[in-house]
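> Before anything else, here's the structure in question.
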Amino acid sequence: MDWLQLVALSVIQGLTEFLPISSSAHLILPSQVLGWPDQGLAFDVAVHIGTLAAVLLAFRREVVSILGGWFGQFAGAGTLSSRQTPESRLGWMVILATIPAVIVGGLFNGAIENSLRSSLVIALATLIFGVLLGWADWRGSRSRDLASLTFKAALIIGLFQALALIPGTSRSGITITAALLLGFDRQSSARFSFLLSIPLIIAAGSLKGLELMQTGSDAAVHDVLVGIGLSFVAALVCIKLFLAALDRIGMWPFVAYRLLLGVALLWLWAA
């Protein structure tokens with residue numbers, strides 16, 4: 001990759017992993033306009049490492065608390081339920097909400113890759129799920145926080161998350177949409193969405209890493225390191241600024257942006 005492609009795709013991946021605007025749409029647009037070649041498997045692994053490191057750093061206190069509570073419930077006297085804490089329950093809810101996407105991805109990932117990775121599908125998903133995000137932000141009561149999260153609500157959010165396998169949907173966008181529709185406030189919706197990203201990024205990065213080990217790569221080491229570094233910085237800044245501004249700006253700037261992006265992708269498809 002040349003430097004422009006390397007820097008642009010690293011920053012795009014870092015930003016769009018957590019903003020509700022679809023990474024698929026943003027990766028297809030510059031490649032089609034500028035004629036960039038595929039970035040390669042090694043780069044995909046690199047940006048997964050960068051974005052994972054960013055979300056772990058941003059949510060280090062929550063992650064340590066959840067892991068401590070989850071593993072701690074298996075020690076000591078009494079039944080498992082009696083040893084549960086709010087942190088361990090949240091850990092179980094993250095696991096529960098992750099299962100639908102893992103199952104759907106495992107069963108249909110090949111079909112999705114072969115049939116749905118088209119400019120038209122990405123454009124339509126960008127538009128449709130962007131409108132749904134705006135409607136959820138407008139209609140949601142925003143009266144619940146993470147303390148009121150139930151297993152039922154976590155499962156519903158997880159089922160919505162499975163829709164993110166459709167290119168153009170946006171994993172963060174669809175999980176935030178689901179949480180808002182269930183009445184959660186914006187901060188809680190975004191925070192649970194970011195926590196859900198951790199196991200999925202680990203899973204996706206691990207699968208790509210195994211594939212990379214099997215196929216090998218001639219990618220330059222400095223390209224991989226730059227990809228990790230830039231995606232890490234972009235993702236970390238994105239998470240911090242997004243959470244800081246979320247209550248003030250809401251979801252409508254992202255909805256408007258998705259509509260413009262979707263129209264641009266439709267124009268490219270039709271051209």
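Ordering of the structure tokens sets the chain letters (A, B, ...); residue numbers start at 1 within each chain; ligands are numbered from 1 in the order shown.
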Please identify the alpha helix (DSSP H) residues within segment 66-133 of chain A (assignment by DSSP from backbone atoms) and present them as number ranges by chain.

A: 66-72, 86-115, 119-133

> Give me, as a PyMOL selection string, all polymer residues having an atom no more than 9 Å from segment 191-202 of chain A, counting only C-alpha atoms and skipping those fewer than 6 positions away in the same chain.

chain A and resi 17-18+48-49+51-52+55-56+59+62-63+94-95+97-98+101-102+146+157-158+171-176+179+239+243

> Keeping C-alpha atoms for every residue in the selection just given, could you write it to a file as an mmCIF file, in the first residue's frame?


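Result written to result-v1.cif:
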data_model
loop_
_atom_site.group_PDB
_atom_site.id
_atom_site.type_symbol
_atom_site.label_atom_id
_atom_site.label_comp_id
_atom_site.auth_asym_id
_atom_site.auth_seq_id
_atom_site.Cartn_x
_atom_site.Cartn_y
_atom_site.Cartn_z
ATOM 1 C CA GLU A 17 -15.354 0.706 14.275
ATOM 2 C CA PHE A 18 -17.112 2.675 17.023
ATOM 3 C CA HIS A 48 -8.165 -5.218 14.658
ATOM 4 C CA ILE A 49 -5.282 -5.176 17.132
ATOM 5 C CA THR A 51 -8.995 -0.949 17.721
ATOM 6 C CA LEU A 52 -9.064 -3.694 20.361
ATOM 7 C CA VAL A 55 -11.419 -0.007 23.525
ATOM 8 C CA LEU A 56 -9.630 -2.006 26.226
ATOM 9 C CA PHE A 59 -12.888 0.832 29.236
ATOM 10 C CA GLU A 62 -15.107 -1.618 33.443
ATOM 11 C CA VAL A 63 -13.284 -4.548 31.845
ATOM 12 C CA VAL A 94 -22.087 -9.466 27.302
ATOM 13 C CA ILE A 95 -21.605 -13.181 26.634
ATOM 14 C CA ALA A 97 -25.496 -10.721 23.594
ATOM 15 C CA THR A 98 -22.447 -11.963 21.677
ATOM 16 C CA ALA A 101 -23.652 -12.809 16.046
ATOM 17 C CA VAL A 102 -21.226 -15.708 16.572
ATOM 18 C CA LEU A 146 -26.987 -0.090 32.499
ATOM 19 C CA ILE A 157 -29.518 -6.233 21.559
ATOM 20 C CA GLY A 158 -27.473 -9.292 20.638
ATOM 21 C CA ARG A 171 -22.230 -2.918 14.429
ATOM 22 C CA SER A 172 -22.137 0.026 16.820
ATOM 23 C CA GLY A 173 -25.040 1.684 15.043
ATOM 24 C CA ILE A 174 -27.382 -1.302 15.217
ATOM 25 C CA THR A 175 -26.609 -2.133 18.859
ATOM 26 C CA ILE A 176 -27.089 1.489 19.909
ATOM 27 C CA ALA A 179 -30.688 -0.188 23.158
ATOM 28 C CA ILE A 239 -14.421 6.758 21.754
ATOM 29 C CA LEU A 243 -19.001 9.677 24.657
#

> What's the 10 Å shell around segment 68-77 of chain A, counting only C-alpha atoms, without same-chain residues fewer than 4 positions away, as a list of chain:residue names?

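Once the nearby chain positions are removed, what remains is A:Glu62, A:Val63, A:Val64, A:Ser81, A:Ser82, A:Arg83, A:Gln84, A:Thr85, A:Pro86, A:Glu87, A:Ser88, A:Arg89, A:Leu90, A:Gly91, A:Trp92.
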
> For all heavy atoms, I'd like the residues from the last selection saved as a short mmCIF file (atom, residue, chain, number, x, y, z; two decimals), in the first residue's frame.


data_model
loop_
_atom_site.label_atom_id
_atom_site.label_comp_id
_atom_site.auth_asym_id
_atom_site.auth_seq_id
_atom_site.Cartn_x
_atom_site.Cartn_y
_atom_site.Cartn_z
N GLU A 62 -13.93 -0.76 33.60
CA GLU A 62 -15.11 -1.62 33.44
C GLU A 62 -14.71 -3.05 33.13
O GLU A 62 -15.28 -4.00 33.66
CB GLU A 62 -16.01 -1.08 32.34
CG GLU A 62 -16.73 0.22 32.69
CD GLU A 62 -15.94 1.45 32.26
OE1 GLU A 62 -14.71 1.32 32.11
OE2 GLU A 62 -16.55 2.52 32.10
N VAL A 63 -13.71 -3.21 32.24
CA VAL A 63 -13.28 -4.55 31.84
C VAL A 63 -12.69 -5.30 33.03
O VAL A 63 -13.02 -6.47 33.27
CB VAL A 63 -12.26 -4.47 30.69
CG1 VAL A 63 -11.63 -5.84 30.42
CG2 VAL A 63 -12.94 -3.95 29.42
N VAL A 64 -11.84 -4.64 33.80
CA VAL A 64 -11.24 -5.28 34.98
C VAL A 64 -12.32 -5.64 35.99
O VAL A 64 -12.31 -6.73 36.58
CB VAL A 64 -10.18 -4.35 35.62
CG1 VAL A 64 -9.74 -4.89 36.99
CG2 VAL A 64 -8.97 -4.22 34.70
N SER A 81 -25.50 -18.50 41.89
CA SER A 81 -26.37 -17.31 41.84
C SER A 81 -26.17 -16.43 43.06
O SER A 81 -26.25 -15.21 42.96
CB SER A 81 -27.84 -17.74 41.73
OG SER A 81 -28.22 -18.54 42.84
N SER A 82 -25.90 -17.04 44.21
CA SER A 82 -25.71 -16.25 45.42
C SER A 82 -24.40 -15.48 45.40
O SER A 82 -24.25 -14.49 46.13
CB SER A 82 -25.75 -17.15 46.66
OG SER A 82 -24.63 -18.02 46.69
N ARG A 83 -23.45 -15.92 44.58
CA ARG A 83 -22.16 -15.24 44.51
C ARG A 83 -22.10 -14.22 43.37
O ARG A 83 -21.08 -13.59 43.17
CB ARG A 83 -21.04 -16.28 44.31
CG ARG A 83 -20.88 -17.25 45.47
CD ARG A 83 -19.58 -18.03 45.36
NE ARG A 83 -19.50 -18.85 44.17
CZ ARG A 83 -19.95 -20.10 44.08
NH1 ARG A 83 -20.54 -20.67 45.13
NH2 ARG A 83 -19.84 -20.78 42.96
N GLN A 84 -23.21 -14.07 42.65
CA GLN A 84 -23.20 -13.12 41.55
C GLN A 84 -23.24 -11.69 42.06
O GLN A 84 -23.83 -11.38 43.09
CB GLN A 84 -24.39 -13.37 40.62
CG GLN A 84 -24.19 -14.56 39.70
CD GLN A 84 -25.21 -14.59 38.59
OE1 GLN A 84 -26.16 -13.82 38.57
NE2 GLN A 84 -25.01 -15.49 37.63
N THR A 85 -22.60 -10.83 41.32
CA THR A 85 -22.56 -9.39 41.59
C THR A 85 -23.07 -8.66 40.35
O THR A 85 -23.22 -9.27 39.28
CB THR A 85 -21.12 -8.95 41.89
OG1 THR A 85 -20.31 -9.16 40.70
CG2 THR A 85 -20.52 -9.74 43.06
N PRO A 86 -23.33 -7.36 40.46
CA PRO A 86 -23.72 -6.62 39.25
C PRO A 86 -22.68 -6.74 38.13
O PRO A 86 -23.04 -6.80 36.95
CB PRO A 86 -23.82 -5.17 39.75
CG PRO A 86 -24.20 -5.31 41.19
CD PRO A 86 -23.46 -6.53 41.67
N GLU A 87 -21.40 -6.81 38.50
CA GLU A 87 -20.34 -6.93 37.50
C GLU A 87 -20.38 -8.30 36.82
O GLU A 87 -20.21 -8.40 35.59
CB GLU A 87 -18.97 -6.71 38.14
CG GLU A 87 -18.72 -5.29 38.62
CD GLU A 87 -19.42 -4.97 39.94
OE1 GLU A 87 -19.84 -5.94 40.62
OE2 GLU A 87 -19.56 -3.79 40.25
N SER A 88 -20.59 -9.36 37.61
CA SER A 88 -20.64 -10.69 37.00
C SER A 88 -21.88 -10.85 36.12
O SER A 88 -21.82 -11.48 35.06
CB SER A 88 -20.62 -11.78 38.09
OG SER A 88 -21.80 -11.74 38.87
N ARG A 89 -23.00 -10.25 36.53
CA ARG A 89 -24.21 -10.29 35.70
C ARG A 89 -23.98 -9.57 34.38
O ARG A 89 -24.42 -10.05 33.33
CB ARG A 89 -25.39 -9.64 36.46
CG ARG A 89 -26.00 -10.53 37.52
CD ARG A 89 -27.10 -9.79 38.29
NE ARG A 89 -28.12 -9.26 37.40
CZ ARG A 89 -29.14 -9.95 36.92
NH1 ARG A 89 -29.28 -11.23 37.25
NH2 ARG A 89 -30.03 -9.38 36.14
N LEU A 90 -23.29 -8.44 34.44
CA LEU A 90 -23.00 -7.72 33.21
C LEU A 90 -22.10 -8.55 32.30
O LEU A 90 -22.26 -8.56 31.08
CB LEU A 90 -22.34 -6.37 33.53
CG LEU A 90 -22.06 -5.44 32.34
CD1 LEU A 90 -23.33 -5.18 31.53
CD2 LEU A 90 -21.45 -4.13 32.82
N GLY A 91 -21.16 -9.27 32.90
CA GLY A 91 -20.32 -10.17 32.12
C GLY A 91 -21.14 -11.24 31.41
O GLY A 91 -20.91 -11.53 30.23
N TRP A 92 -22.09 -11.85 32.13
CA TRP A 92 -22.96 -12.85 31.50
C TRP A 92 -23.79 -12.23 30.38
O TRP A 92 -24.03 -12.87 29.35
CB TRP A 92 -23.88 -13.47 32.54
CG TRP A 92 -23.23 -14.50 33.42
CD1 TRP A 92 -23.02 -14.44 34.77
CD2 TRP A 92 -22.72 -15.78 32.99
NE1 TRP A 92 -22.40 -15.58 35.22
CE2 TRP A 92 -22.21 -16.42 34.14
CE3 TRP A 92 -22.63 -16.43 31.76
CZ2 TRP A 92 -21.62 -17.69 34.10
CZ3 TRP A 92 -22.05 -17.67 31.70
CH2 TRP A 92 -21.55 -18.30 32.85
#

> One decimal, in Å: what's the spacing between atom CA of Leu34 of chain A and atom CA of Gln5 of chain A?

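These atoms are spaced 9.3 Å apart.
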
> Find the residues around Phe254 of chain A up to 9 Å (only C-alpha atoms counted), leave out those fewer than 2 positions away in its own chain, and share them as a list in words.

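The neighbour list is Leu19, Pro20, Ile21, Gly130, Leu133, Gly134, Gly250, Met251, Trp252, Ala256, Tyr257, Arg258 and Leu259 of chain A.
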
> With distances taken over only C-alpha atoms, which of A:Ala203, A:Ala162, A:Ala147, A:Val233 is nearest to Gly50 of chain A?

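Comparing A:Ala203, A:Ala162, A:Ala147, A:Val233 against Gly50 of chain A, the winner is A:Val233.
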
> Have a look at atom CA of Trp135 of chain A and atom CA of Trp267 of chain A and let me know their distance in Å, one decimal.

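These two atoms are separated by 24.7 Å.
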
> Here is a test: counting only C-alpha atoms, which residue of A:Ser206, A:Ser143, A:Gln161, A:Asn109 is nearest to Leu96 of chain A?

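When distances to Leu96 of chain A are compared using only C-alpha atoms, the smallest one comes from A:Gln161.
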